[in-house]
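In what follows, a structure is listed as structure tokens, so that the remarks can point back to it.
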Amino acid sequence: MSNLIDLSKSHIVSPQWLGNHLGEVIVIDCRFSLPDPDLGQQQYDTGHIPGAYYLDLNRHLSSPVQAHGGRHPLPHWPQFVESLNLLGIQSNPQTPVVIYDASRFAFAARLWWMLRYLGHENVALLDGGINAWIAAGLPLSSKTPQPQIGRFVPQPQANWIVDIDYVRQHKDNPGTMVIDARAGDRFRGEREPIDPIAGSVPGAVNYFWQDISTEAGLLKSPGELANYWRAVDDADEVIVYCGSGVTACVDLFSQVVVGKPMGKLYPGGWSDWCSYL
């Protein structure tokens, strides 16, 4: 494992780059389907990037659902750190990690954010996900790599996470920008396919998470993203949410790519907010 690769500034890598550096980075497959929670594991078992490990949104990247807290509460951190250790991820020096999915960064960005939250900055996403890898003619494997022994030392960024009380108290402050990453019709309350109540946090603005990528799942250019997020420059505080703290991380990721400071994540999202209505 090379310790010379630094992904902390690039944030995104191409399939060709990853193909040239397999064995020098830890690769993690985060494919998942909300309607079919077993699909991601099945897809991984059928074929994945050689050497990639699999982490599941429900089993690894979330904790059990409670009455409040949303549909995908953040995991119990010591348990999550154990999962990272089994992948061989080190903190000193930081192991380079590349994450991918098949959903325009929806689930990969959640893991990217979680690693960054725990102080691990040497992490990037695969541009276009596994579909771009396959389109580039690169190989797949059905072999599961052996567990490793890592030494991951978490350094949580406590001020990156906010709860419903914080959002209630700060959302109307001058300079605070609350961003809803869901599709426009869900934001407007016209449709709600998952949660029991439709609507959005009062005062929020809508920046749909899929707007930061092409239909093929490729990240838009830095110029396009900088223009898309220009309103963030005027905010003193940015809070991002979605349905349950997953696709909100795509918005946070794309902001960081163009040099914005990391906004705050409201992980409970609308599923938590509406549980109090």
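For the structure tokens, the naming scheme is as follows: chains receive sequential letters (A, B, ...) according to their order of presentation, residues are indexed from 1 within each chain, and ligands are indexed from 1 in presentation order.
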
Check your understanding: So which bits of segment 97-225 of chain A end up strand (DSSP E or B) when you DSSP the backbone, as a PyMOL selection string?
Key -> chain A and resi 97-100+123-126+141+151+161+176-180+205-206+213+219

Please report, as a tab-separated table, each residue of segment 115-189 of chain A lying at most 6 Å from segment 9-12 of chain A, together with the nearest pair of atoms and the separation in Å rounded to one decimal; use only C-alpha atoms, and order rows by chain and ascending residue number.
```
residue	atom	partner	partner_atom	distance
A:Ala124	CA	A:His11	CA	4.2
A:Leu125	CA	A:Ile12	CA	4.8
A:Leu126	CA	A:Ile12	CA	5.9
```

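Checking A:Ala108, A:Val13, A:Ile194, A:Ala248 one by one against Pro35 of chain A, counting only C-alpha atoms, you find the shortest gap at A:Ile194.
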
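Near segment 229-245 of chain A, within 6 Å and counting only C-alpha atoms, sit Gly70, Arg71, His72, Gly175, Thr176, Met177, Val178, Ile179, Asp180, Ala181, Arg182, Gly263, Lys264, Leu265, Tyr266, Pro267, Gly268, Gly269, Trp270 and Ser271 of chain A, not including residues fewer than 4 positions from it in the same chain.
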
Preceding selection exported with N, CA, C and O atoms as a compact mmCIF listing (two decimals), in the first residue's frame:
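Saved file again-v5.txt follows:
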```txt
# COMPACT_ATOMS: atom_id res chain seq x y z
N GLY A 70 -34.78 10.09 12.07
CA GLY A 70 -34.75 9.85 10.63
C GLY A 70 -34.60 8.40 10.24
O GLY A 70 -34.40 7.52 11.07
N ARG A 71 -34.69 8.17 8.92
CA ARG A 71 -34.68 6.81 8.39
C ARG A 71 -33.29 6.18 8.32
O ARG A 71 -33.16 4.96 8.23
N HIS A 72 -32.26 7.00 8.30
CA HIS A 72 -30.89 6.47 8.27
C HIS A 72 -30.02 7.22 9.27
O HIS A 72 -29.14 8.00 8.89
N GLY A 175 -28.19 35.26 7.33
CA GLY A 175 -26.93 34.62 6.95
C GLY A 175 -26.94 33.12 7.01
O GLY A 175 -25.97 32.48 6.59
N THR A 176 -28.00 32.52 7.57
CA THR A 176 -28.11 31.05 7.60
C THR A 176 -28.88 30.57 6.38
O THR A 176 -29.97 31.06 6.09
N MET A 177 -28.30 29.62 5.67
CA MET A 177 -28.91 29.05 4.46
C MET A 177 -29.20 27.58 4.73
O MET A 177 -28.29 26.79 4.99
N VAL A 178 -30.47 27.21 4.69
CA VAL A 178 -30.88 25.82 4.87
C VAL A 178 -31.21 25.25 3.50
O VAL A 178 -32.09 25.78 2.80
N ILE A 179 -30.51 24.19 3.12
CA ILE A 179 -30.63 23.61 1.78
C ILE A 179 -31.30 22.25 1.88
O ILE A 179 -30.90 21.38 2.66
N ASP A 180 -32.32 22.05 1.05
CA ASP A 180 -33.01 20.76 0.90
C ASP A 180 -32.51 20.14 -0.40
O ASP A 180 -32.67 20.71 -1.48
N ALA A 181 -31.90 18.96 -0.30
CA ALA A 181 -31.28 18.33 -1.47
C ALA A 181 -32.22 17.42 -2.25
O ALA A 181 -31.81 16.84 -3.26
N ARG A 182 -33.46 17.30 -1.81
CA ARG A 182 -34.38 16.38 -2.48
C ARG A 182 -34.89 16.95 -3.81
O ARG A 182 -34.69 18.14 -4.12
N GLY A 263 -20.24 22.49 4.82
CA GLY A 263 -21.45 22.90 5.50
C GLY A 263 -21.83 21.92 6.59
O GLY A 263 -21.19 20.88 6.78
N LYS A 264 -22.87 22.24 7.32
CA LYS A 264 -23.36 21.35 8.37
C LYS A 264 -24.40 20.39 7.80
O LYS A 264 -25.20 20.77 6.96
N LEU A 265 -24.38 19.16 8.28
CA LEU A 265 -25.35 18.15 7.87
C LEU A 265 -26.41 17.99 8.96
O LEU A 265 -26.07 17.79 10.13
N TYR A 266 -27.66 18.06 8.56
CA TYR A 266 -28.77 17.69 9.44
C TYR A 266 -29.14 16.26 9.04
O TYR A 266 -29.94 16.05 8.13
N PRO A 267 -28.54 15.25 9.68
CA PRO A 267 -28.69 13.87 9.20
C PRO A 267 -30.10 13.33 9.29
O PRO A 267 -30.49 12.47 8.50
N GLY A 268 -30.88 13.80 10.28
CA GLY A 268 -32.25 13.31 10.38
C GLY A 268 -33.10 13.70 9.19
O GLY A 268 -33.98 12.95 8.76
N GLY A 269 -32.84 14.89 8.65
CA GLY A 269 -33.54 15.35 7.46
C GLY A 269 -35.05 15.42 7.62
O GLY A 269 -35.59 15.48 8.74
N TRP A 270 -35.72 15.41 6.48
CA TRP A 270 -37.17 15.54 6.50
C TRP A 270 -37.83 14.40 7.27
O TRP A 270 -38.86 14.58 7.93
N SER A 271 -37.25 13.19 7.21
CA SER A 271 -37.87 12.05 7.90
C SER A 271 -37.87 12.26 9.41
O SER A 271 -38.77 11.80 10.12
```

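Neighbouring residues of Pro96 of chain A at 10 Å or closer, counting only C-alpha atoms and skipping chain neighbours under 5 positions away, are Met1, Ser2, Asn3, Leu4, Ile5, Asp6, Leu7, Ser8, Glu24, Val25, Ile26, Val27, Ile89, Gln90, Ser91, His120, Glu121, Asn122, Val123 and Ala124 of chain A.
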
Keeping N, CA and C atoms, export the residues of the selection given above as a short mmCIF file (atom, residue, chain, number, x, y, z; two decimals), in the first residue's frame.
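The result, stored in result-v5.cif:
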```cif
data_model
loop_
_atom_site.label_atom_id
_atom_site.label_comp_id
_atom_site.auth_asym_id
_atom_site.auth_seq_id
_atom_site.Cartn_x
_atom_site.Cartn_y
_atom_site.Cartn_z
N MET A 1 0.85 -1.20 0.00
CA MET A 1 0.00 0.00 0.00
C MET A 1 0.88 1.24 0.00
N SER A 2 0.76 2.04 -1.03
CA SER A 2 1.53 3.28 -1.10
C SER A 2 0.90 4.33 -0.20
N ASN A 3 1.77 5.07 0.50
CA ASN A 3 1.28 6.16 1.33
C ASN A 3 1.54 7.51 0.68
N LEU A 4 1.93 7.50 -0.57
CA LEU A 4 2.29 8.73 -1.25
C LEU A 4 1.10 9.38 -1.93
N ILE A 5 0.05 8.63 -2.19
CA ILE A 5 -1.11 9.18 -2.89
C ILE A 5 -1.91 10.07 -1.95
N ASP A 6 -2.19 11.29 -2.40
CA ASP A 6 -2.96 12.25 -1.60
C ASP A 6 -4.20 12.64 -2.38
N LEU A 7 -5.35 12.20 -1.88
CA LEU A 7 -6.63 12.49 -2.54
C LEU A 7 -7.39 13.62 -1.86
N SER A 8 -6.77 14.24 -0.87
CA SER A 8 -7.49 15.21 -0.03
C SER A 8 -7.86 16.48 -0.77
N GLU A 24 -2.88 0.30 -4.65
CA GLU A 24 -2.28 1.42 -3.92
C GLU A 24 -3.31 2.17 -3.09
N VAL A 25 -4.58 1.86 -3.30
CA VAL A 25 -5.67 2.53 -2.57
C VAL A 25 -6.64 1.46 -2.05
N ILE A 26 -7.40 1.80 -1.01
CA ILE A 26 -8.51 0.95 -0.58
C ILE A 26 -9.73 1.39 -1.38
N VAL A 27 -10.39 0.44 -2.02
CA VAL A 27 -11.58 0.73 -2.83
C VAL A 27 -12.81 0.17 -2.11
N ILE A 89 -7.83 0.31 6.89
CA ILE A 89 -7.63 1.75 6.77
C ILE A 89 -6.83 2.26 7.97
N GLN A 90 -5.76 2.99 7.68
CA GLN A 90 -4.89 3.55 8.71
C GLN A 90 -5.11 5.06 8.80
N SER A 91 -4.81 5.61 9.96
CA SER A 91 -4.92 7.06 10.15
C SER A 91 -3.59 7.78 10.08
N HIS A 120 -10.66 11.73 8.38
CA HIS A 120 -9.89 11.08 7.32
C HIS A 120 -10.12 11.84 6.01
N GLU A 121 -9.12 12.60 5.60
CA GLU A 121 -9.27 13.47 4.44
C GLU A 121 -8.78 12.84 3.14
N ASN A 122 -8.03 11.75 3.24
CA ASN A 122 -7.44 11.14 2.05
C ASN A 122 -8.45 10.22 1.37
N VAL A 123 -9.50 10.82 0.83
CA VAL A 123 -10.61 10.04 0.28
C VAL A 123 -11.19 10.76 -0.93
N ALA A 124 -11.58 9.98 -1.94
CA ALA A 124 -12.16 10.54 -3.16
C ALA A 124 -13.27 9.62 -3.67
#
```

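Compared by their closest atoms to Thr144 of chain A, and using only C-alpha atoms, the residues A:Ile49, A:Ala102, A:Ala158, A:Leu218 rank with A:Ile49 nearest.
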
Practice item. Using DSSP on the backbone coordinates, identify all residues within segment 93-237 of chain A classified as alpha helix (DSSP H); present the result as a PyMOL selection string. Key: chain A and resi 108-117+129-135+164-170+184-187+222-228

Contact check, segment 13-111 of chain A to segment 201-209 of chain A, at most 12 Å, counting only C-alpha atoms, closest pairs as a Markdown table:
```
| residue | atom | partner | partner_atom | distance |
| --- | --- | --- | --- | --- |
| A:Ser103 | CA | A:Trp209 | CA | 11.1 |
| A:Arg104 | CA | A:Trp209 | CA | 9.0 |
| A:Phe105 | CA | A:Trp209 | CA | 9.2 |
| A:Ala106 | CA | A:Trp209 | CA | 8.2 |
| A:Phe107 | CA | A:Trp209 | CA | 11.7 |
| A:Ala109 | CA | A:Trp209 | CA | 10.8 |
```

Residues of segment 28-74 of chain A that approach segment 111-116 of chain A to 10 Å or less, counting only C-alpha atoms: could you list each one with the shortest pair of atoms and its distance in Å to one decimal, rows by chain and increasing residue number, as a Markdown table?
```
| residue | atom | partner | partner_atom | distance |
| --- | --- | --- | --- | --- |
| A:Ile28 | CA | A:Leu111 | CA | 9.2 |
| A:Cys30 | CA | A:Leu111 | CA | 8.0 |
| A:Leu55 | CA | A:Leu111 | CA | 8.8 |
| A:Asp56 | CA | A:Leu111 | CA | 9.8 |
| A:Leu57 | CA | A:Leu111 | CA | 8.7 |
| A:His60 | CA | A:Leu111 | CA | 9.6 |
| A:Leu61 | CA | A:Leu111 | CA | 7.0 |
| A:Leu74 | CA | A:Met114 | CA | 8.7 |
```

How about saving the chosen residues, all heavy atoms kept, as a compact mmCIF listing (two decimals), in the first residue's frame?
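Output below, filename selection.txt:
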```
# COMPACT_ATOMS: atom_id res chain seq x y z
N ILE A 28 -13.86 0.99 -2.02
CA ILE A 28 -15.07 0.59 -1.32
C ILE A 28 -16.28 0.76 -2.23
O ILE A 28 -16.51 1.83 -2.79
CB ILE A 28 -15.28 1.41 -0.02
CG1 ILE A 28 -14.05 1.31 0.87
CG2 ILE A 28 -16.52 0.91 0.72
CD1 ILE A 28 -14.12 2.17 2.13
N CYS A 30 -20.25 1.00 -2.55
CA CYS A 30 -21.38 1.42 -1.70
C CYS A 30 -22.71 1.31 -2.44
O CYS A 30 -23.66 2.03 -2.09
CB CYS A 30 -21.19 2.86 -1.23
SG CYS A 30 -20.06 3.03 0.14
N LEU A 55 -19.51 -1.91 1.67
CA LEU A 55 -20.17 -1.38 2.86
C LEU A 55 -21.59 -1.02 2.50
O LEU A 55 -21.85 -0.35 1.49
CB LEU A 55 -19.42 -0.15 3.41
CG LEU A 55 -18.03 -0.42 4.03
CD1 LEU A 55 -17.43 0.88 4.54
CD2 LEU A 55 -18.09 -1.46 5.14
N ASP A 56 -22.53 -1.46 3.33
CA ASP A 56 -23.96 -1.35 3.07
C ASP A 56 -24.55 -0.17 3.83
O ASP A 56 -24.23 0.05 5.00
CB ASP A 56 -24.62 -2.67 3.51
CG ASP A 56 -26.11 -2.68 3.34
OD1 ASP A 56 -26.82 -2.27 4.28
OD2 ASP A 56 -26.57 -3.10 2.27
N LEU A 57 -25.44 0.58 3.16
CA LEU A 57 -26.02 1.76 3.79
C LEU A 57 -26.72 1.41 5.10
O LEU A 57 -26.54 2.09 6.12
CB LEU A 57 -27.03 2.44 2.84
CG LEU A 57 -27.81 3.62 3.45
CD1 LEU A 57 -26.89 4.77 3.81
CD2 LEU A 57 -28.92 4.07 2.51
N HIS A 60 -23.89 -0.84 7.62
CA HIS A 60 -22.61 -0.25 8.00
C HIS A 60 -22.63 1.27 8.16
O HIS A 60 -21.91 1.81 8.99
CB HIS A 60 -21.53 -0.61 6.96
CG HIS A 60 -21.33 -2.07 6.77
ND1 HIS A 60 -21.76 -2.75 5.65
CD2 HIS A 60 -20.74 -3.00 7.58
CE1 HIS A 60 -21.44 -4.03 5.77
NE2 HIS A 60 -20.83 -4.21 6.92
N LEU A 61 -23.44 1.94 7.34
CA LEU A 61 -23.40 3.40 7.30
C LEU A 61 -24.53 4.05 8.09
O LEU A 61 -24.67 5.27 8.09
CB LEU A 61 -23.43 3.91 5.86
CG LEU A 61 -22.42 3.29 4.88
CD1 LEU A 61 -22.48 4.02 3.54
CD2 LEU A 61 -21.01 3.29 5.45
N LEU A 74 -27.08 8.24 11.72
CA LEU A 74 -25.66 7.94 11.61
C LEU A 74 -25.31 6.74 12.48
O LEU A 74 -25.97 6.48 13.48
CB LEU A 74 -24.85 9.17 12.02
CG LEU A 74 -24.96 10.36 11.05
CD1 LEU A 74 -24.31 11.59 11.64
CD2 LEU A 74 -24.34 10.02 9.69
```
